[in-house]
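Taking it in order: structure first as structure tokens, then the write-up.
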Amino acid sequence: MSKICHDLRSIKGIVFDVDGVLSPSTIPLGSDGVPRRMVNIKDGYALQLAAKCGLKLAIISGADSPGVRERFVGLGIKDVYMKAGQKLPVLNRWMEENGLIPSEVAYVGDDIPDMECMRAVGLAVAPDDAAFDIKRVAGYISPVKGGYGVARDLLEEILKVRGEWLDNAKAFGW
């Protein structure tokens with residue numbers, strides 16, 4: 001039984017924002033003025049396992065960071081969209097290209113630019129430190145803050161109901 005009150009077996013695709021979800025909301029600036037993002041290793045493990053298990057994964061971010069693209073492509077996420085000023089058209093195109101309907105998709109966001117996408121999918125997820133308005137539209141609020149295991153929390157639950165968390169040979173390696 002999952003702690004998430006949703007039929008997680010119906011989820012075939014998951015889309016993640018980056019800043020405030022896969023990295024903390026506070027981002028240090030380098031001396032060159034370029035933001036430096038931290039990532040969570042446990043999120044990384046869950047993301048690569050979910051990709052190996054056939055879940056469709058995507059990143060949609062308003063930021064423009066080659067390092068972010070490199071990190072998540074390296075984990076097996078083929079669909080990484082950067083500089084998405086308007087995220088909903090990107091989400092809709094991704095769902096169409098992957099043969100997914102909204103009820104089969106979860107979207108994880110933390111702030112106002114994610115709200116339209118969260119309203120457009122079957123399961124809206126927010127980290128514990130998401131903006132108040134985002135928490136109001138979320139079907140599940142993770143008990144962890146953005147950048148500290150939100151992806152791991154959600155993906156572990158999905159893979160458990162699919163019987164692919166620790167019950168799959170793919171789980172024991174990178």
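Labels for the structure tokens follow display order: chains A, B, ..., residues from 1 in each chain, ligands from 1.
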
Report task. Please provide as a list in words all residues within 9 Å of A:Lys145, with the sequence filter that same-chain residues fewer than 2 positions apart are discarded (counting only C-alpha atoms). Result ->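 Listing them by chain and then by number gives Gly20, Val21, Pro24, Ser25, Ala126, Pro127, Asp128, Asp129, Ala130, Ser142, Pro143, Gly147, Tyr148, Gly149 and Val150 of chain A.
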
Please provide as a CSV table (one decimal) with N, CA and C atoms, in the first residue's frame all residues within 7 Å of stretch 35-46 of chain A, with the sequence filter that same-chain residues fewer than 2 positions apart are discarded (counting only C-alpha atoms).
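Wrote it out as around-v5.csv, contents follow:
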```csv
chain,number,residue,atom,x,y,z
A,22,LEU,N,14.4,19.2,-8.2
A,22,LEU,CA,15.6,18.3,-8.3
A,22,LEU,C,16.8,19.0,-7.8
A,23,SER,N,16.7,20.2,-7.5
A,23,SER,CA,17.8,21.0,-6.8
A,23,SER,C,17.1,21.9,-5.8
A,24,PRO,N,17.8,22.3,-4.7
A,24,PRO,CA,17.2,23.1,-3.7
A,24,PRO,C,16.8,24.5,-4.3
A,27,ILE,N,20.1,28.6,-4.8
A,27,ILE,CA,21.2,28.2,-5.7
A,27,ILE,C,22.4,29.2,-5.6
A,28,PRO,N,23.5,28.6,-5.2
A,28,PRO,CA,24.7,29.5,-5.1
A,28,PRO,C,25.1,30.0,-6.5
A,29,LEU,N,25.6,31.2,-6.6
A,29,LEU,CA,26.1,31.8,-7.8
A,29,LEU,C,27.6,31.7,-7.8
A,30,GLY,N,28.2,31.2,-9.0
A,30,GLY,CA,29.6,31.2,-9.1
A,30,GLY,C,30.2,32.6,-9.3
A,33,GLY,N,28.9,34.5,-12.1
A,33,GLY,CA,27.5,34.9,-12.1
A,33,GLY,C,26.6,33.8,-12.6
A,48,GLN,N,17.5,6.9,-12.6
A,48,GLN,CA,18.1,6.0,-13.5
A,48,GLN,C,17.4,4.7,-13.5
A,49,LEU,N,17.0,4.2,-12.3
A,49,LEU,CA,16.2,3.0,-12.2
A,49,LEU,C,14.9,3.1,-12.9
A,50,ALA,N,14.2,4.2,-12.6
A,50,ALA,CA,12.9,4.4,-13.3
A,50,ALA,C,13.0,4.3,-14.8
A,75,LEU,N,21.7,10.1,-16.7
A,75,LEU,CA,20.9,9.2,-15.9
A,75,LEU,C,19.8,8.4,-16.7
A,147,GLY,N,15.1,19.2,-3.8
A,147,GLY,CA,16.6,19.0,-3.9
A,147,GLY,C,17.1,18.0,-2.9
A,148,TYR,N,16.2,17.5,-2.1
A,148,TYR,CA,16.6,16.6,-1.0
A,148,TYR,C,15.9,15.3,-1.0
A,149,GLY,N,15.5,14.8,-2.2
A,149,GLY,CA,14.9,13.5,-2.4
A,149,GLY,C,13.4,13.4,-2.8
A,151,ALA,N,12.2,13.4,-5.9
A,151,ALA,CA,12.1,12.4,-7.0
A,151,ALA,C,12.2,11.0,-6.4
A,152,ARG,N,13.1,10.8,-5.5
A,152,ARG,CA,13.3,9.4,-4.9
A,152,ARG,C,12.0,9.0,-4.2
A,155,LEU,N,9.3,8.3,-7.0
A,155,LEU,CA,9.6,7.1,-7.9
A,155,LEU,C,9.7,5.8,-7.1
A,156,GLU,N,10.2,5.9,-5.9
A,156,GLU,CA,10.2,4.7,-5.0
A,156,GLU,C,8.8,4.2,-4.9
```

Query raised in the report: Got a sec: who's within 12 Å of A:Met95, counting only C-alpha atoms, leaving out chain neighbours fewer than 4 positions off, as a PyMOL selection string?
Result: chain A and resi 12-15+56-58+79+88-91+99-107+117+120-121

Report task. Based on DSSP run over this structure's backbone, return all residues of chain A in strand (DSSP E), as a list in words. Result -> Gly13, Ile14, Val15, Phe16, Lys56, Leu57, Ala58, Ile59, Ile60, Asp79, Val80, Tyr81, Val105, Ala106, Tyr107, Val108, Leu123, Ala124, Val125, Ala126, Tyr140 and Ile141 of chain A

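Nearest residue to A:Leu47, choosing from A:Val137, A:Ile59, A:Ala171, A:Ile77 and counting only C-alpha atoms: A:Ile77.
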
Query raised in the report: Tell me, which residues of stretch 19-164 of chain A carry DSSP helix (DSSP H, G or I), written as a PyMOL selection string?
Result: chain A and resi 41-52+66-74+87-97+102-104+112-119+132-137+150-161

Query raised in the report: Which one of A:Val18, A:Val125, A:Ile112, A:Ile158 sits closest to A:Arg69 if you count only C-alpha atoms?
Result: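 Once distances to A:Arg69 are computed over only C-alpha atoms, the minimum belongs to A:Val18.
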
Query raised in the report: Counting only C-alpha atoms, what is within 12 Å of A:Pro66, bar same-chain residues fewer than 6 positions away, as an NGL selection string?
Result: :A and (34-37 or 72-73 or 80-83)

Query raised in the report: From the list A:Gly122, A:Gly67, A:Gly62, A:Gly54, which residue is nearest A:His6 when using only C-alpha atoms?
Result: A:Gly122
